[in-house]
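Raw contents of structure.cif, mmCIF, C-alpha atoms:
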```
data_model
#
loop_
_atom_site.group_PDB
_atom_site.id
_atom_site.type_symbol
_atom_site.label_atom_id
_atom_site.label_comp_id
_atom_site.auth_asym_id
_atom_site.auth_seq_id
_atom_site.Cartn_x
_atom_site.Cartn_y
_atom_site.Cartn_z
ATOM 1 C CA ALA A 30 -50.012 17.250 264.562
ATOM 2 C CA GLU A 31 -47.034 17.349 262.224
ATOM 3 C CA HIS A 32 -48.911 16.110 259.166
ATOM 4 C CA LEU A 33 -51.673 18.673 259.636
ATOM 5 C CA LEU A 34 -49.259 21.628 259.683
ATOM 6 C CA ALA A 35 -46.746 20.317 257.169
ATOM 7 C CA LYS A 36 -48.251 21.933 254.050
ATOM 8 C CA LEU A 37 -48.890 25.388 255.441
ATOM 9 C CA LYS A 38 -47.067 28.191 253.663
ATOM 10 C CA LEU A 39 -44.370 29.491 255.993
ATOM 11 C CA PRO A 40 -42.948 32.973 255.407
ATOM 12 C CA THR A 41 -39.212 32.536 254.880
ATOM 13 C CA ALA A 42 -38.087 36.106 255.435
ATOM 14 C CA ALA A 43 -39.253 39.256 257.151
ATOM 15 C CA GLY A 44 -40.700 41.466 254.450
ATOM 16 C CA GLY A 45 -43.248 43.824 256.061
ATOM 17 C CA LYS A 46 -42.500 47.012 257.996
ATOM 18 C CA ARG A 47 -45.607 47.253 260.187
ATOM 19 C CA SER A 48 -44.670 47.706 263.844
ATOM 20 C CA GLU A 49 -46.463 45.611 266.428
ATOM 21 C CA ALA A 50 -44.937 47.315 269.460
ATOM 22 C CA LEU A 51 -48.315 48.610 270.645
ATOM 23 C CA SER A 52 -50.141 45.295 270.275
ATOM 24 C CA ASP A 53 -47.277 43.435 271.950
ATOM 25 C CA SER A 54 -47.323 45.930 274.826
ATOM 26 C CA ARG A 55 -51.041 45.331 275.314
ATOM 27 C CA ALA A 56 -50.527 41.583 275.094
ATOM 28 C CA ARG A 57 -47.942 41.744 277.895
ATOM 29 C CA ARG A 58 -50.312 43.816 280.057
ATOM 30 C CA LEU A 59 -53.138 41.356 279.513
ATOM 31 C CA ALA A 60 -51.080 38.186 279.951
ATOM 32 C CA PRO A 61 -51.215 37.875 283.786
ATOM 33 C CA GLU A 62 -55.024 37.744 283.689
ATOM 34 C CA LEU A 63 -55.749 36.552 280.171
ATOM 35 C CA LEU A 64 -53.428 33.559 280.049
ATOM 36 C CA PRO A 65 -54.851 31.789 283.149
ATOM 37 C CA ALA A 66 -58.400 32.424 281.899
ATOM 38 C CA LEU A 67 -57.651 30.960 278.466
ATOM 39 C CA GLU A 68 -55.748 28.044 280.001
ATOM 40 C CA CYS A 69 -58.855 27.170 282.007
ATOM 41 C CA LEU A 70 -61.099 27.398 278.937
ATOM 42 C CA VAL A 71 -58.782 25.346 276.719
ATOM 43 C CA THR A 72 -58.474 22.701 279.446
ATOM 44 C CA ASP A 73 -62.130 22.641 280.486
ATOM 45 C CA TYR A 74 -63.335 22.376 276.901
ATOM 46 C CA ARG A 75 -60.563 19.905 275.992
ATOM 47 C CA ALA A 76 -59.485 21.937 272.989
ATOM 48 C CA SER A 77 -57.024 20.200 270.684
ATOM 49 C CA HIS A 78 -56.791 22.554 267.666
ATOM 50 C CA LEU A 79 -56.859 26.316 268.201
ATOM 51 C CA LEU A 80 -57.138 29.219 265.762
ATOM 52 C CA ASP A 81 -55.852 32.567 267.094
ATOM 53 C CA LEU A 82 -57.009 35.427 264.858
ATOM 54 C CA GLN A 83 -54.353 37.867 266.129
ATOM 55 C CA CYS A 84 -51.400 35.913 267.451
ATOM 56 C CA GLY A 85 -48.907 38.793 267.703
ATOM 57 C CA SER A 86 -45.455 37.484 268.595
ATOM 58 C CA GLY A 87 -46.918 34.097 269.497
ATOM 59 C CA GLU A 88 -46.165 34.248 273.232
ATOM 60 C CA LEU A 89 -49.728 33.336 274.178
ATOM 61 C CA LEU A 90 -49.756 30.269 271.929
ATOM 62 C CA VAL A 91 -46.373 29.139 273.274
ATOM 63 C CA SER A 92 -47.673 29.371 276.843
ATOM 64 C CA LEU A 93 -50.882 27.502 276.016
ATOM 65 C CA ALA A 94 -49.035 24.772 274.115
ATOM 66 C CA LYS A 95 -46.662 24.234 277.033
ATOM 67 C CA LYS A 96 -49.601 23.872 279.418
ATOM 68 C CA ARG A 97 -51.797 21.802 277.113
ATOM 69 C CA LYS A 98 -49.765 18.889 275.801
ATOM 70 C CA GLY A 99 -50.666 17.993 272.245
ATOM 71 C CA LEU A 100 -52.374 21.309 271.489
ATOM 72 C CA VAL A 101 -52.029 22.307 267.825
ATOM 73 C CA ALA A 102 -52.548 25.962 266.912
ATOM 74 C CA VAL A 103 -52.561 28.248 263.892
ATOM 75 C CA GLY A 104 -51.929 31.935 264.541
ATOM 76 C CA ILE A 105 -52.980 34.651 262.125
ATOM 77 C CA ALA A 106 -50.421 37.448 261.728
ATOM 78 C CA PRO A 107 -50.960 40.765 259.898
ATOM 79 C CA ASP A 108 -47.952 40.427 257.594
ATOM 80 C CA ASP A 109 -44.923 38.313 256.689
ATOM 81 C CA GLU A 110 -42.663 40.061 259.199
ATOM 82 C CA ALA A 111 -44.985 39.348 262.121
ATOM 83 C CA ALA A 112 -45.493 35.733 261.051
ATOM 84 C CA TYR A 113 -41.752 35.252 260.646
ATOM 85 C CA ARG A 114 -41.143 36.575 264.159
ATOM 86 C CA ALA A 115 -43.866 34.404 265.719
ATOM 87 C CA ASN A 116 -42.597 31.289 263.942
ATOM 88 C CA GLY A 117 -39.116 32.063 265.230
ATOM 89 C CA ASN A 118 -40.500 32.098 268.764
ATOM 90 C CA PHE A 119 -42.278 28.782 268.152
ATOM 91 C CA ALA A 120 -39.045 27.210 266.917
ATOM 92 C CA ALA A 121 -37.084 28.607 269.858
ATOM 93 C CA ALA A 122 -39.569 26.917 272.199
ATOM 94 C CA GLY A 123 -39.293 23.621 270.293
ATOM 95 C CA LEU A 124 -42.958 23.845 269.277
ATOM 96 C CA GLU A 125 -42.669 24.362 265.512
ATOM 97 C CA LYS A 126 -44.381 21.004 264.840
ATOM 98 C CA ARG A 127 -47.461 22.082 266.797
ATOM 99 C CA LEU A 128 -47.628 25.852 266.267
ATOM 100 C CA ILE A 129 -47.469 27.968 263.129
ATOM 101 C CA ALA A 130 -48.189 31.596 262.226
ATOM 102 C CA VAL A 131 -49.487 32.566 258.796
ATOM 103 C CA PRO A 132 -50.010 36.100 257.388
ATOM 104 C CA ALA A 133 -53.634 36.876 256.530
ATOM 105 C CA SER A 134 -56.487 39.260 257.231
ATOM 106 C CA PRO A 135 -58.468 38.043 260.275
ATOM 107 C CA THR A 136 -61.765 39.224 258.823
ATOM 108 C CA GLU A 137 -61.080 37.451 255.516
ATOM 109 C CA VAL A 138 -60.290 34.274 257.438
ATOM 110 C CA LEU A 139 -63.698 34.455 259.137
ATOM 111 C CA LEU A 140 -65.845 35.806 256.297
ATOM 112 C CA ASP A 141 -64.321 33.877 253.395
ATOM 113 C CA THR A 142 -62.795 30.864 255.137
ATOM 114 C CA PRO A 143 -62.666 28.360 252.241
ATOM 115 C CA ARG A 144 -60.842 30.671 249.825
ATOM 116 C CA THR A 145 -58.551 32.180 252.481
ATOM 117 C CA PHE A 146 -57.599 28.804 253.959
ATOM 118 C CA GLU A 147 -56.857 27.440 250.488
ATOM 119 C CA ARG A 148 -54.574 30.394 249.776
ATOM 120 C CA MET A 149 -52.844 29.945 253.144
ATOM 121 C CA GLY A 150 -52.379 26.213 252.584
ATOM 122 C CA ILE A 151 -54.614 25.080 255.458
ATOM 123 C CA SER A 152 -55.965 21.658 254.584
ATOM 124 C CA LYS A 153 -59.577 20.594 255.000
ATOM 125 C CA ALA A 154 -58.333 18.027 257.510
ATOM 126 C CA LEU A 155 -56.844 20.742 259.735
ATOM 127 C CA TRP A 156 -59.878 22.988 259.262
ATOM 128 C CA ALA A 157 -62.175 20.181 260.403
ATOM 129 C CA GLU A 158 -60.113 19.677 263.563
ATOM 130 C CA ILE A 159 -60.291 23.306 264.764
ATOM 131 C CA ASP A 160 -62.342 23.266 267.964
ATOM 132 C CA PHE A 161 -61.379 26.594 269.579
ATOM 133 C CA VAL A 162 -61.461 29.982 267.794
ATOM 134 C CA TYR A 163 -60.016 32.962 269.649
ATOM 135 C CA LEU A 164 -60.785 36.531 268.492
ATOM 136 C CA PRO A 165 -58.603 38.856 270.608
ATOM 137 C CA LEU A 166 -59.385 42.581 270.306
ATOM 138 C CA LEU A 167 -60.415 42.026 266.701
ATOM 139 C CA PHE A 168 -63.080 44.737 266.707
ATOM 140 C CA SER A 169 -61.392 47.374 268.872
ATOM 141 C CA GLU A 170 -58.936 48.759 266.315
ATOM 142 C CA GLY A 171 -61.380 50.764 264.201
ATOM 143 C CA PRO A 172 -64.966 51.909 263.759
ATOM 144 C CA ARG A 173 -67.570 49.181 264.214
ATOM 145 C CA ASP A 174 -71.299 48.809 263.821
ATOM 146 C CA LEU A 175 -73.768 46.200 264.985
ATOM 147 C CA ASP A 176 -74.426 44.775 261.520
ATOM 148 C CA GLY A 177 -70.734 44.421 260.684
ATOM 149 C CA VAL A 178 -69.829 42.766 263.974
ATOM 150 C CA SER A 179 -72.800 40.401 263.935
ATOM 151 C CA GLN A 180 -71.999 39.429 260.340
ATOM 152 C CA ILE A 181 -68.466 38.406 261.336
ATOM 153 C CA LEU A 182 -69.711 36.528 264.407
ATOM 154 C CA ALA A 183 -72.328 34.659 262.355
ATOM 155 C CA ALA A 184 -69.727 33.751 259.725
ATOM 156 C CA THR A 185 -67.394 32.465 262.438
ATOM 157 C CA ARG A 186 -70.041 30.079 263.697
ATOM 158 C CA LYS A 187 -70.964 29.042 260.140
ATOM 159 C CA HIS A 188 -67.393 28.139 259.222
ATOM 160 C CA PHE A 189 -66.433 26.681 262.627
ATOM 161 C CA SER A 190 -69.650 25.001 263.686
ATOM 162 C CA ALA A 191 -67.981 22.600 266.146
ATOM 163 C CA ALA A 192 -65.689 25.150 267.784
ATOM 164 C CA THR A 193 -65.861 27.134 270.992
ATOM 165 C CA ILE A 194 -65.715 30.820 270.037
ATOM 166 C CA VAL A 195 -64.057 33.251 272.452
ATOM 167 C CA VAL A 196 -64.207 36.995 271.772
ATOM 168 C CA ALA A 197 -62.005 39.259 273.918
ATOM 169 C CA GLU A 198 -62.928 42.953 273.818
ATOM 170 C CA PRO A 199 -62.608 45.995 276.098
ATOM 171 C CA THR A 200 -65.970 46.949 277.580
ATOM 172 C CA GLU A 201 -67.133 50.243 278.972
ATOM 173 C CA GLY A 202 -67.652 50.344 282.727
ATOM 174 C CA SER A 203 -65.931 50.543 286.094
ATOM 175 C CA ARG A 204 -63.327 47.879 285.272
ATOM 176 C CA LEU A 205 -62.052 50.075 282.429
ATOM 177 C CA SER A 206 -62.456 53.522 284.016
ATOM 178 C CA LYS A 207 -60.521 52.512 287.154
ATOM 179 C CA ASN A 208 -57.702 50.903 285.181
ATOM 180 C CA TYR A 209 -54.217 52.395 285.287
ATOM 181 C CA TYR A 210 -54.035 52.379 281.476
ATOM 182 C CA ALA A 211 -57.569 53.725 280.947
ATOM 183 C CA ALA A 212 -56.624 57.278 279.936
ATOM 184 C CA GLU A 213 -53.997 56.117 277.441
ATOM 185 C CA PHE A 214 -56.226 53.355 276.101
ATOM 186 C CA LEU A 215 -59.344 55.505 275.764
ATOM 187 C CA LEU A 216 -57.345 58.165 273.904
ATOM 188 C CA LEU A 217 -56.211 55.504 271.441
ATOM 189 C CA LEU A 218 -59.804 54.352 270.966
ATOM 190 C CA ARG A 219 -61.002 57.923 270.391
ATOM 191 C CA LEU A 220 -58.270 58.533 267.806
ATOM 192 C CA THR A 221 -59.388 55.425 265.932
ATOM 193 C CA ARG A 222 -63.079 56.339 266.431
ATOM 194 C CA ALA A 223 -63.650 53.059 268.226
ATOM 195 C CA GLY A 224 -65.016 53.762 271.677
ATOM 196 C CA PRO A 225 -65.586 50.657 273.801
ATOM 197 C CA TRP A 226 -69.003 49.033 273.747
ATOM 198 C CA THR A 227 -70.883 48.120 276.874
ATOM 199 C CA VAL A 228 -71.395 44.461 277.786
ATOM 200 C CA GLU A 229 -75.048 44.910 276.798
ATOM 201 C CA GLN A 230 -74.061 46.055 273.297
ATOM 202 C CA TRP A 231 -71.888 42.974 272.859
ATOM 203 C CA ARG A 232 -74.754 40.780 274.012
ATOM 204 C CA GLU A 233 -76.913 42.449 271.381
ATOM 205 C CA ALA A 234 -74.306 41.691 268.699
ATOM 206 C CA PHE A 235 -74.166 38.025 269.690
ATOM 207 C CA ALA A 236 -77.965 37.849 269.692
ATOM 208 C CA ALA A 237 -78.120 39.447 266.223
ATOM 209 C CA ALA A 238 -75.648 36.810 265.013
ATOM 210 C CA LYS A 239 -77.778 34.083 266.633
ATOM 211 C CA LEU A 240 -74.836 33.008 268.762
ATOM 212 C CA PRO A 241 -75.958 31.981 272.256
ATOM 213 C CA LEU A 242 -73.566 33.191 274.938
ATOM 214 C CA SER A 243 -72.436 30.404 277.253
ATOM 215 C CA ALA A 244 -70.398 32.549 279.647
ATOM 216 C CA GLU A 245 -68.765 35.926 280.196
ATOM 217 C CA VAL A 246 -65.474 36.457 282.036
ATOM 218 C CA GLY A 247 -64.493 39.981 283.117
ATOM 219 C CA LEU A 248 -60.816 40.928 283.351
ATOM 220 C CA ASN A 249 -59.442 44.063 284.984
ATOM 221 C CA VAL A 250 -56.728 45.136 282.544
ATOM 222 C CA ASP A 251 -58.210 47.399 279.836
ATOM 223 C CA GLY A 252 -61.671 46.340 281.046
ATOM 224 C CA VAL A 253 -61.542 43.321 278.744
ATOM 225 C CA THR A 254 -64.437 40.854 278.791
ATOM 226 C CA LEU A 255 -64.278 37.349 277.336
ATOM 227 C CA PHE A 256 -67.516 36.422 275.570
ATOM 228 C CA ILE A 257 -67.788 32.649 275.138
ATOM 229 C CA SER A 258 -70.089 30.820 272.753
ATOM 230 C CA ARG A 259 -70.103 27.036 272.769
ATOM 231 C CA PRO A 260 -71.147 24.949 269.747
ATOM 232 C CA ALA A 261 -74.714 23.672 269.492
ATOM 233 C CA GLY A 262 -75.523 21.067 272.116
ATOM 234 C CA ARG A 263 -72.637 22.126 274.364
ATOM 235 C CA SER A 264 -73.796 24.867 276.676
ATOM 236 C CA ARG A 265 -71.023 24.324 279.240
#
```
Step by step, read the file and then write its structure as structure tokens.
Amino acid sequence: AEHLLAKLKLPTAAGGKRSEALSDSRARRLAPELLPALECLVTDYRASHLLDLQCGSGELLVSLAKKRKGLVAVGIAPDDEAAYRANGNFAAAGLEKRLIAVPASPTEVLLDTPRTFERMGISKALWAEIDFVYLPLLFSEGPRDLDGVSQILAATRKHFSAATIVVAEPTEGSRLSKNYYAAEFLLLLRLTRAGPWTVEQWREAFAAAKLPLSAEVGLNVDGVTLFISRPAGRSR
């Protein structure tokens, strides 16, 4: 694990000013349900190298790495400040040789992987080992359309052909409408012109991207659904 992460470009100081209080708050709300679900997936699919497209403060990766011995993970952070904070949490947990956060645009990572990984310092050896790609709430922070979402999903499979892909997104329905945070959350979505899609709309996006869905897992908090696509030849 150490040699694969050794050449990545670590931010050495907090330079950005973007606040992640809202995303961290949501992460804490989701953790009681989301963490056990992801632990099961990582264990069942025997994941060894994970890419988290929105790692936040890194708490999720720390928890997964403690549960899954030997797990190596790269977290994508929105800016230097966020990456610096996440890497501090990894070091505090004694996991800095297995976990690292790097600032980058999640969509650039998925759409233009070779160039973005080269800029970030991710080696081809590490890239080839990634067998679990996690896209948490990647599409819920702004307007979306079927073509744009399916393009990103198709690119994810193209660049990570051997990886399990897990998309976590809020979905319209009773699990969201009955949620304690629904009013607050739906207001946020309306302000960003990003109303939640139905499960059927997400299935349509996966179909348009030619990504077979292997499973769906519904959570209660924020009405989040995990959409899981296994690599070719691995339906379970």
Name the residues within 8 Å of (-71.4, 21.2, 268.7), counting only C-alpha atoms in the file's coordinates, and put them as a PyMOL selection string.
chain A and resi 190-192+259-263
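Minimum distance to A:Ala157 across A:Val250, A:Gln230, A:Tyr74, A:Leu80 (counting all atoms listed in the file) occurs at A:Leu80.
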As a check of understanding: the span from atom CA of A:Val162 to atom CA of A:Arg186 is 9.5 Å
What would the selection look like, as a PDB file with C-alpha atoms, in the coordinates of the input, if the PyMOL selection byres ((chain A and resi 78) around 12) were run on the coordinates I just shared?
```
ATOM      1  CA  ALA A  30     -50.012  17.250 264.562  1.00  0.00           C
ATOM      2  CA  LEU A  33     -51.673  18.673 259.636  1.00  0.00           C
ATOM      3  CA  LEU A  34     -49.259  21.628 259.683  1.00  0.00           C
ATOM      4  CA  VAL A  71     -58.782  25.346 276.719  1.00  0.00           C
ATOM      5  CA  THR A  72     -58.474  22.701 279.446  1.00  0.00           C
ATOM      6  CA  TYR A  74     -63.335  22.376 276.901  1.00  0.00           C
ATOM      7  CA  ARG A  75     -60.563  19.905 275.992  1.00  0.00           C
ATOM      8  CA  ALA A  76     -59.485  21.937 272.989  1.00  0.00           C
ATOM      9  CA  SER A  77     -57.024  20.200 270.684  1.00  0.00           C
ATOM     10  CA  LEU A  79     -56.859  26.316 268.201  1.00  0.00           C
ATOM     11  CA  LEU A  80     -57.138  29.219 265.762  1.00  0.00           C
ATOM     12  CA  ASP A  81     -55.852  32.567 267.094  1.00  0.00           C
ATOM     13  CA  LEU A  90     -49.756  30.269 271.929  1.00  0.00           C
ATOM     14  CA  LEU A  93     -50.882  27.502 276.016  1.00  0.00           C
ATOM     15  CA  ALA A  94     -49.035  24.772 274.115  1.00  0.00           C
ATOM     16  CA  ARG A  97     -51.797  21.802 277.113  1.00  0.00           C
ATOM     17  CA  LYS A  98     -49.765  18.889 275.801  1.00  0.00           C
ATOM     18  CA  GLY A  99     -50.666  17.993 272.245  1.00  0.00           C
ATOM     19  CA  LEU A 100     -52.374  21.309 271.489  1.00  0.00           C
ATOM     20  CA  VAL A 101     -52.029  22.307 267.825  1.00  0.00           C
ATOM     21  CA  ALA A 102     -52.548  25.962 266.912  1.00  0.00           C
ATOM     22  CA  VAL A 103     -52.561  28.248 263.892  1.00  0.00           C
ATOM     23  CA  GLY A 104     -51.929  31.935 264.541  1.00  0.00           C
ATOM     24  CA  ARG A 127     -47.461  22.082 266.797  1.00  0.00           C
ATOM     25  CA  LEU A 128     -47.628  25.852 266.267  1.00  0.00           C
ATOM     26  CA  ILE A 129     -47.469  27.968 263.129  1.00  0.00           C
ATOM     27  CA  ALA A 154     -58.333  18.027 257.510  1.00  0.00           C
ATOM     28  CA  LEU A 155     -56.844  20.742 259.735  1.00  0.00           C
ATOM     29  CA  TRP A 156     -59.878  22.988 259.262  1.00  0.00           C
ATOM     30  CA  ALA A 157     -62.175  20.181 260.403  1.00  0.00           C
ATOM     31  CA  GLU A 158     -60.113  19.677 263.563  1.00  0.00           C
ATOM     32  CA  ILE A 159     -60.291  23.306 264.764  1.00  0.00           C
ATOM     33  CA  ASP A 160     -62.342  23.266 267.964  1.00  0.00           C
ATOM     34  CA  PHE A 161     -61.379  26.594 269.579  1.00  0.00           C
ATOM     35  CA  VAL A 162     -61.461  29.982 267.794  1.00  0.00           C
ATOM     36  CA  TYR A 163     -60.016  32.962 269.649  1.00  0.00           C
ATOM     37  CA  PHE A 189     -66.433  26.681 262.627  1.00  0.00           C
ATOM     38  CA  ALA A 191     -67.981  22.600 266.146  1.00  0.00           C
ATOM     39  CA  ALA A 192     -65.689  25.150 267.784  1.00  0.00           C
ATOM     40  CA  THR A 193     -65.861  27.134 270.992  1.00  0.00           C
TER      41      THR A 193
END
```
Can you tell me which residues surround A:Leu82 at a distance of at most 6 Å, considering all atoms listed in the file, apart from same-chain residues fewer than 4 positions away, and format the answer as a VMD selection string?
chain A and resid 105 135 164
Pick from A:Pro225, A:Gly202, A:Pro165, A:Pro143: nearest to A:Lys187, with only C-alpha atoms counted?
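For A:Lys187, the nearest of the candidates is A:Pro143.
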Counting all atoms listed in the file, which of A:Val131, A:Ala197, A:Gly87, A:Lys239 gets nearest to A:Ala66?
A:Ala197
To box stretch 59-66 of chain A, take all atoms listed in the file, fit an axis-aligned box, add 5 Å on each side, and give centre and edge lengths in Å to one decimal, as JSON.
```
{"center_x": -54.7, "center_y": 36.6, "center_z": 281.6, "size_x": 17.3, "size_y": 19.6, "size_z": 14.3}
```
Please provide as a PyMOL selection string all residues within 9 Å of stretch 252-257 of chain A, with the sequence filter that same-chain residues fewer than 2 positions apart are discarded (counting all atoms listed in the file).
chain A and resi 59+66+165-166+193-208+211+228+231-232+241-250+259
Just write the chosen residues, C-alpha atoms, as a PDB file, in the coordinates of the input.
```
ATOM      1  CA  LEU A  59     -53.138  41.356 279.513  1.00  0.00           C
ATOM      2  CA  ALA A  66     -58.400  32.424 281.899  1.00  0.00           C
ATOM      3  CA  PRO A 165     -58.603  38.856 270.608  1.00  0.00           C
ATOM      4  CA  LEU A 166     -59.385  42.581 270.306  1.00  0.00           C
ATOM      5  CA  THR A 193     -65.861  27.134 270.992  1.00  0.00           C
ATOM      6  CA  ILE A 194     -65.715  30.820 270.037  1.00  0.00           C
ATOM      7  CA  VAL A 195     -64.057  33.251 272.452  1.00  0.00           C
ATOM      8  CA  VAL A 196     -64.207  36.995 271.772  1.00  0.00           C
ATOM      9  CA  ALA A 197     -62.005  39.259 273.918  1.00  0.00           C
ATOM     10  CA  GLU A 198     -62.928  42.953 273.818  1.00  0.00           C
ATOM     11  CA  PRO A 199     -62.608  45.995 276.098  1.00  0.00           C
ATOM     12  CA  THR A 200     -65.970  46.949 277.580  1.00  0.00           C
ATOM     13  CA  GLU A 201     -67.133  50.243 278.972  1.00  0.00           C
ATOM     14  CA  GLY A 202     -67.652  50.344 282.727  1.00  0.00           C
ATOM     15  CA  SER A 203     -65.931  50.543 286.094  1.00  0.00           C
ATOM     16  CA  ARG A 204     -63.327  47.879 285.272  1.00  0.00           C
ATOM     17  CA  LEU A 205     -62.052  50.075 282.429  1.00  0.00           C
ATOM     18  CA  SER A 206     -62.456  53.522 284.016  1.00  0.00           C
ATOM     19  CA  LYS A 207     -60.521  52.512 287.154  1.00  0.00           C
ATOM     20  CA  ASN A 208     -57.702  50.903 285.181  1.00  0.00           C
ATOM     21  CA  ALA A 211     -57.569  53.725 280.947  1.00  0.00           C
ATOM     22  CA  VAL A 228     -71.395  44.461 277.786  1.00  0.00           C
ATOM     23  CA  TRP A 231     -71.888  42.974 272.859  1.00  0.00           C
ATOM     24  CA  ARG A 232     -74.754  40.780 274.012  1.00  0.00           C
ATOM     25  CA  PRO A 241     -75.958  31.981 272.256  1.00  0.00           C
ATOM     26  CA  LEU A 242     -73.566  33.191 274.938  1.00  0.00           C
ATOM     27  CA  SER A 243     -72.436  30.404 277.253  1.00  0.00           C
ATOM     28  CA  ALA A 244     -70.398  32.549 279.647  1.00  0.00           C
ATOM     29  CA  GLU A 245     -68.765  35.926 280.196  1.00  0.00           C
ATOM     30  CA  VAL A 246     -65.474  36.457 282.036  1.00  0.00           C
ATOM     31  CA  GLY A 247     -64.493  39.981 283.117  1.00  0.00           C
ATOM     32  CA  LEU A 248     -60.816  40.928 283.351  1.00  0.00           C
ATOM     33  CA  ASN A 249     -59.442  44.063 284.984  1.00  0.00           C
ATOM     34  CA  VAL A 250     -56.728  45.136 282.544  1.00  0.00           C
ATOM     35  CA  ARG A 259     -70.103  27.036 272.769  1.00  0.00           C
TER      36      ARG A 259
END
```
Tell me, in Å to one decimal, how far atom CA of A:Pro65 is from atom CA of A:Gln83.
18.1 Å
Residue by residue, what does the PyMOL selection byres ((chain A and resi 175) around 9) grab here? Present the result as a PDB file with C-alpha atoms, in the coordinates of the input.
```pdb
ATOM      1  CA  ARG A 173     -67.570  49.181 264.214  1.00  0.00           C
ATOM      2  CA  ASP A 174     -71.299  48.809 263.821  1.00  0.00           C
ATOM      3  CA  ASP A 176     -74.426  44.775 261.520  1.00  0.00           C
ATOM      4  CA  GLY A 177     -70.734  44.421 260.684  1.00  0.00           C
ATOM      5  CA  VAL A 178     -69.829  42.766 263.974  1.00  0.00           C
ATOM      6  CA  SER A 179     -72.800  40.401 263.935  1.00  0.00           C
ATOM      7  CA  GLN A 180     -71.999  39.429 260.340  1.00  0.00           C
ATOM      8  CA  GLN A 230     -74.061  46.055 273.297  1.00  0.00           C
ATOM      9  CA  TRP A 231     -71.888  42.974 272.859  1.00  0.00           C
ATOM     10  CA  GLU A 233     -76.913  42.449 271.381  1.00  0.00           C
ATOM     11  CA  ALA A 234     -74.306  41.691 268.699  1.00  0.00           C
ATOM     12  CA  ALA A 237     -78.120  39.447 266.223  1.00  0.00           C
TER      13      ALA A 237
END
```
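Note that atom CA of A:Thr185 and atom CA of A:Leu240 are 9.8 Å apart.
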Find, counting all atoms listed in the file, the residue in A:Leu167, A:Cys84, A:Cys69, A:Val138 that gets nearest to A:Arg114.
A:Cys84
Kindly extract all protein, DNA and RNA residues lying within 8 Å of the coordinates (-53.0, 30.2, 256.6) given in the file, considering only C-alpha atoms, and supply them as a compact mmCIF listing (two decimals) with C-alpha atoms, keeping the file's coordinate frame.
```
# COMPACT_ATOMS: atom_id res chain seq x y z
CA LEU A 37 -48.89 25.39 255.44
CA LYS A 38 -47.07 28.19 253.66
CA VAL A 103 -52.56 28.25 263.89
CA ILE A 105 -52.98 34.65 262.12
CA ALA A 130 -48.19 31.60 262.23
CA VAL A 131 -49.49 32.57 258.80
CA PRO A 132 -50.01 36.10 257.39
CA ALA A 133 -53.63 36.88 256.53
CA THR A 145 -58.55 32.18 252.48
CA PHE A 146 -57.60 28.80 253.96
CA GLU A 147 -56.86 27.44 250.49
CA ARG A 148 -54.57 30.39 249.78
CA MET A 149 -52.84 29.94 253.14
CA GLY A 150 -52.38 26.21 252.58
CA ILE A 151 -54.61 25.08 255.46
```
Please identify all polymer residues within 8 Å of A:Leu140, counting all atoms listed in the file, omitting same-chain residues fewer than 4 positions from it, and present them as a list in words.
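In the requested form, the answer reads Thr136, Ile181, Ala184 and Thr185 of chain A.
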Please produce a file of those selected residues containing C-alpha atoms, as a tab-separated table (two decimals), in the coordinates of the input.
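Ended up saving to selection-v1.tsv:
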```tsv
chain	number	residue	atom	x	y	z
A	136	THR	CA	-61.76	39.22	258.82
A	181	ILE	CA	-68.47	38.41	261.34
A	184	ALA	CA	-69.73	33.75	259.73
A	185	THR	CA	-67.39	32.47	262.44
```
